[in-house]
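Data block for protein20.pdb (PDB, C-alpha atoms):
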MODEL        1
ATOM      1  CA  LEU A   1      16.153  -8.333 -86.387  1.00  0.00           C
ATOM      2  CA  GLY A   2      19.126 -10.674 -85.978  1.00  0.00           C
ATOM      3  CA  GLY A   3      17.096 -13.099 -83.873  1.00  0.00           C
ATOM      4  CA  VAL A   4      14.295 -13.202 -86.439  1.00  0.00           C
ATOM      5  CA  ILE A   5      16.754 -13.870 -89.252  1.00  0.00           C
ATOM      6  CA  ALA A   6      18.431 -16.634 -87.217  1.00  0.00           C
ATOM      7  CA  LEU A   7      15.034 -18.201 -86.522  1.00  0.00           C
ATOM      8  CA  ILE A   8      14.081 -18.161 -90.193  1.00  0.00           C
ATOM      9  CA  MET A   9      17.474 -19.532 -91.240  1.00  0.00           C
ATOM     10  CA  SER A  10      17.339 -22.344 -88.673  1.00  0.00           C
ATOM     11  CA  ILE A  11      14.083 -23.564 -90.234  1.00  0.00           C
ATOM     12  CA  ALA A  12      15.066 -22.804 -93.838  1.00  0.00           C
ATOM     13  CA  ILE A  13      18.294 -24.791 -93.545  1.00  0.00           C
ATOM     14  CA  LEU A  14      16.254 -27.904 -92.775  1.00  0.00           C
ATOM     15  CA  PHE A  15      14.338 -27.454 -96.037  1.00  0.00           C
ATOM     16  CA  ILE A  16      17.468 -26.682 -98.088  1.00  0.00           C
ATOM     17  CA  LEU A  17      19.496 -29.618 -96.755  1.00  0.00           C
ATOM     18  CA  PRO A  18      17.825 -32.384 -98.865  1.00  0.00           C
ATOM     19  CA  ILE A  19      18.317 -30.321-102.022  1.00  0.00           C
ATOM     20  CA  ILE A  20      22.081 -30.024-101.530  1.00  0.00           C
ATOM     21  CA  HIS A  21      22.501 -33.695-100.519  1.00  0.00           C
ATOM     22  CA  MET A  22      25.709 -34.713-102.332  1.00  0.00           C
ATOM     23  CA  ASN A  23      27.081 -37.853-100.687  1.00  0.00           C
ATOM     24  CA  ASN A  24      27.385 -41.208-102.446  1.00  0.00           C
ATOM     25  CA  SER A  25      25.749 -43.226 -99.649  1.00  0.00           C
ATOM     26  CA  GLN A  26      22.340 -42.646 -98.158  1.00  0.00           C
ATOM     27  CA  GLY A  27      23.182 -43.421 -94.526  1.00  0.00           C
ATOM     28  CA  LEU A  28      25.792 -42.308 -92.043  1.00  0.00           C
ATOM     29  CA  GLN A  29      27.078 -45.835 -91.406  1.00  0.00           C
ATOM     30  CA  PHE A  30      29.890 -45.267 -93.913  1.00  0.00           C
ATOM     31  CA  TYR A  31      30.869 -41.873 -92.498  1.00  0.00           C
ATOM     32  CA  PRO A  32      32.281 -42.335 -88.983  1.00  0.00           C
ATOM     33  CA  LEU A  33      33.194 -38.668 -88.474  1.00  0.00           C
ATOM     34  CA  ASN A  34      29.677 -37.650 -89.417  1.00  0.00           C
ATOM     35  CA  GLN A  35      28.268 -40.095 -86.877  1.00  0.00           C
ATOM     36  CA  ILE A  36      30.194 -38.246 -84.198  1.00  0.00           C
ATOM     37  CA  LEU A  37      29.003 -34.917 -85.601  1.00  0.00           C
ATOM     38  CA  PHE A  38      25.411 -36.178 -85.516  1.00  0.00           C
ATOM     39  CA  TRP A  39      25.573 -36.844 -81.774  1.00  0.00           C
ATOM     40  CA  TYR A  40      27.341 -33.512 -81.336  1.00  0.00           C
ATOM     41  CA  MET A  41      24.336 -31.897 -83.037  1.00  0.00           C
ATOM     42  CA  VAL A  42      21.881 -33.761 -80.798  1.00  0.00           C
ATOM     43  CA  ILE A  43      23.685 -32.395 -77.733  1.00  0.00           C
ATOM     44  CA  ILE A  44      23.640 -28.864 -79.169  1.00  0.00           C
ATOM     45  CA  ILE A  45      19.884 -29.054 -79.804  1.00  0.00           C
ATOM     46  CA  ILE A  46      19.262 -30.292 -76.253  1.00  0.00           C
ATOM     47  CA  LEU A  47      21.427 -27.499 -74.824  1.00  0.00           C
ATOM     48  CA  LEU A  48      19.727 -24.862 -76.995  1.00  0.00           C
ATOM     49  CA  THR A  49      16.365 -26.089 -75.740  1.00  0.00           C
ATOM     50  CA  TRP A  50      17.578 -25.824 -72.149  1.00  0.00           C
ATOM     51  CA  ILE A  51      19.100 -22.358 -72.720  1.00  0.00           C
ATOM     52  CA  GLY A  52      15.805 -21.172 -74.233  1.00  0.00           C
ATOM     53  CA  ALA A  53      14.065 -21.940 -70.941  1.00  0.00           C
ATOM     54  CA  ARG A  54      16.592 -19.951 -68.869  1.00  0.00           C
ATOM     55  CA  PRO A  55      16.144 -16.264 -67.996  1.00  0.00           C
ATOM     56  CA  VAL A  56      17.815 -13.659 -70.172  1.00  0.00           C
ATOM     57  CA  GLU A  57      20.888 -13.086 -68.019  1.00  0.00           C
ATOM     58  CA  ASP A  58      24.603 -12.777 -68.597  1.00  0.00           C
ATOM     59  CA  PRO A  59      25.939 -16.356 -68.670  1.00  0.00           C
ATOM     60  CA  TYR A  60      22.929 -17.708 -70.562  1.00  0.00           C
ATOM     61  CA  ILE A  61      23.094 -15.075 -73.307  1.00  0.00           C
ATOM     62  CA  LEU A  62      26.701 -15.885 -74.194  1.00  0.00           C
ATOM     63  CA  THR A  63      26.067 -19.633 -73.989  1.00  0.00           C
ATOM     64  CA  GLY A  64      23.074 -19.302 -76.320  1.00  0.00           C
ATOM     65  CA  GLN A  65      25.083 -17.306 -78.835  1.00  0.00           C
ATOM     66  CA  ILE A  66      27.934 -19.821 -78.845  1.00  0.00           C
ATOM     67  CA  LEU A  67      25.531 -22.756 -79.232  1.00  0.00           C
ATOM     68  CA  THR A  68      23.742 -20.957 -82.085  1.00  0.00           C
ATOM     69  CA  VAL A  69      27.031 -20.504 -83.948  1.00  0.00           C
ATOM     70  CA  LEU A  70      27.848 -24.189 -83.378  1.00  0.00           C
ATOM     71  CA  TYR A  71      24.359 -25.151 -84.647  1.00  0.00           C
ATOM     72  CA  PHE A  72      24.928 -23.378 -87.953  1.00  0.00           C
ATOM     73  CA  MET A  73      28.550 -24.591 -88.200  1.00  0.00           C
ATOM     74  CA  TYR A  74      27.286 -28.170 -88.207  1.00  0.00           C
ATOM     75  CA  TYR A  75      25.476 -27.562 -91.485  1.00  0.00           C
ATOM     76  CA  LEU A  76      28.646 -26.088 -93.002  1.00  0.00           C
ATOM     77  CA  ILE A  77      31.066 -28.727 -91.711  1.00  0.00           C
ATOM     78  CA  ASN A  78      28.934 -31.835 -92.330  1.00  0.00           C
ATOM     79  CA  PRO A  79      28.896 -31.662 -96.188  1.00  0.00           C
ATOM     80  CA  LEU A  80      32.616 -30.843 -96.243  1.00  0.00           C
ATOM     81  CA  ILE A  81      33.486 -33.922 -94.204  1.00  0.00           C
ATOM     82  CA  ILE A  82      31.210 -36.080 -96.368  1.00  0.00           C
ATOM     83  CA  LYS A  83      32.943 -34.799 -99.508  1.00  0.00           C
ATOM     84  CA  MET A  84      36.375 -35.338 -97.941  1.00  0.00           C
ATOM     85  CA  TRP A  85      35.442 -38.889 -96.897  1.00  0.00           C
ATOM     86  CA  ASP A  86      34.069 -39.694-100.392  1.00  0.00           C
ATOM     87  CA  ASN A  87      37.314 -38.458-101.972  1.00  0.00           C
ATOM     88  CA  LEU A  88      39.349 -40.491 -99.507  1.00  0.00           C
ATOM     89  CA  LEU A  89      37.446 -43.693-100.286  1.00  0.00           C
ATOM     90  CA  ASN A  90      37.523 -43.258-104.076  1.00  0.00           C
TER
ENDMDL
END
Please rewrite the model in this file as structure tokens.
Amino acid sequence: LGGVIALIMSIAILFILPIIHMNNSQGLQFYPLNQILFWYMVIIIILLTWIGARPVEDPYILTGQILTVLYFMYYLINPLIIKMWDNLLN
């Protein structure tokens, strides 16, 4: 059940993200920390894809769980850093 909920949430978060878009600028060129986080997210997605192709064994299970937590943390940390950067610039 936990895997099904995580799968649904990973897709649902992509649909919810444009609704909660709160930053003053449209692009990431004015948010240097978020540029770094973007490439961090790209690496996580590539690693999750690779882990999904591995057999269900001990080191791959833990790695997949850690990467899944990091995947969802990106969507929590990204808006906070945008808000912090907007407050710093204003």
Gap from atom CA of Phe72 of chain A to atom CA of Ile44 of chain A - Å, one decimal: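 So the two atoms, atom CA of Phe72 of chain A and atom CA of Ile44 of chain A, lie 10.4 Å apart.
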Length of the atom CA of Ile82 of chain A to atom CA of Asn34 of chain A vector [Å]: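 It comes out at 7.3 Å.
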d(atom CA of Tyr71 of chain A, atom CA of Ile45 of chain A) in Å: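 Computed distance, atom CA of Tyr71 of chain A to atom CA of Ile45 of chain A, equals 7.7 Å.
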Residues near Ala6 of chain A, cut-off 12 Å, all atoms listed in the file, skip fewer than 2 positions along chain, as a VMD selection string: chain A and resid 1 to 4 8 to 13 65 68 to 69 71 to 72
Shortest interatomic distance to Ile43 of chain A - which of A:Met84, A:Leu14, A:Ile20, A:Leu70, counting all atoms listed in the file: A:Leu70
Box centre and edge lengths (Å, one decimal), axis-aligned, segment 62-69 of chain A plus 6 Å each side, as AutoDock Vina command-line options:
--center_x 25.5 --center_y -19.3 --center_z -79.0 --size_x 16.9 --size_y 18.9 --size_z 22.0
Expected answer as a PyMOL selection string: all residues with atoms within 8 Å of (23.8, -22.9, -96.6), only C-alpha atoms: chain A and resi 13+16-17+75-76
Residue with smallest distance to Tyr40 of chain A - pool A:Ile19, A:Leu62, A:Pro55, A:Leu67, counting all atoms listed in the file: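 Among A:Ile19, A:Leu62, A:Pro55, A:Leu67, it is A:Leu67 that comes nearest to Tyr40 of chain A.
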Residues returned when the PyMOL selection byres ((chain A and resi 79) around 12) runs on this file, as a list in words: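 Listing what the PyMOL selection byres ((chain A and resi 79) around 12) selects in the shown file: Leu17, Pro18, Ile20, His21, Met22, Asn23, Asn24, Leu28, Tyr31, Leu33, Asn34, Leu37, Met73, Tyr74, Tyr75, Leu76, Ile77, Asn78, Leu80, Ile81, Ile82, Lys83, Met84, Trp85 and Asp86 of chain A.
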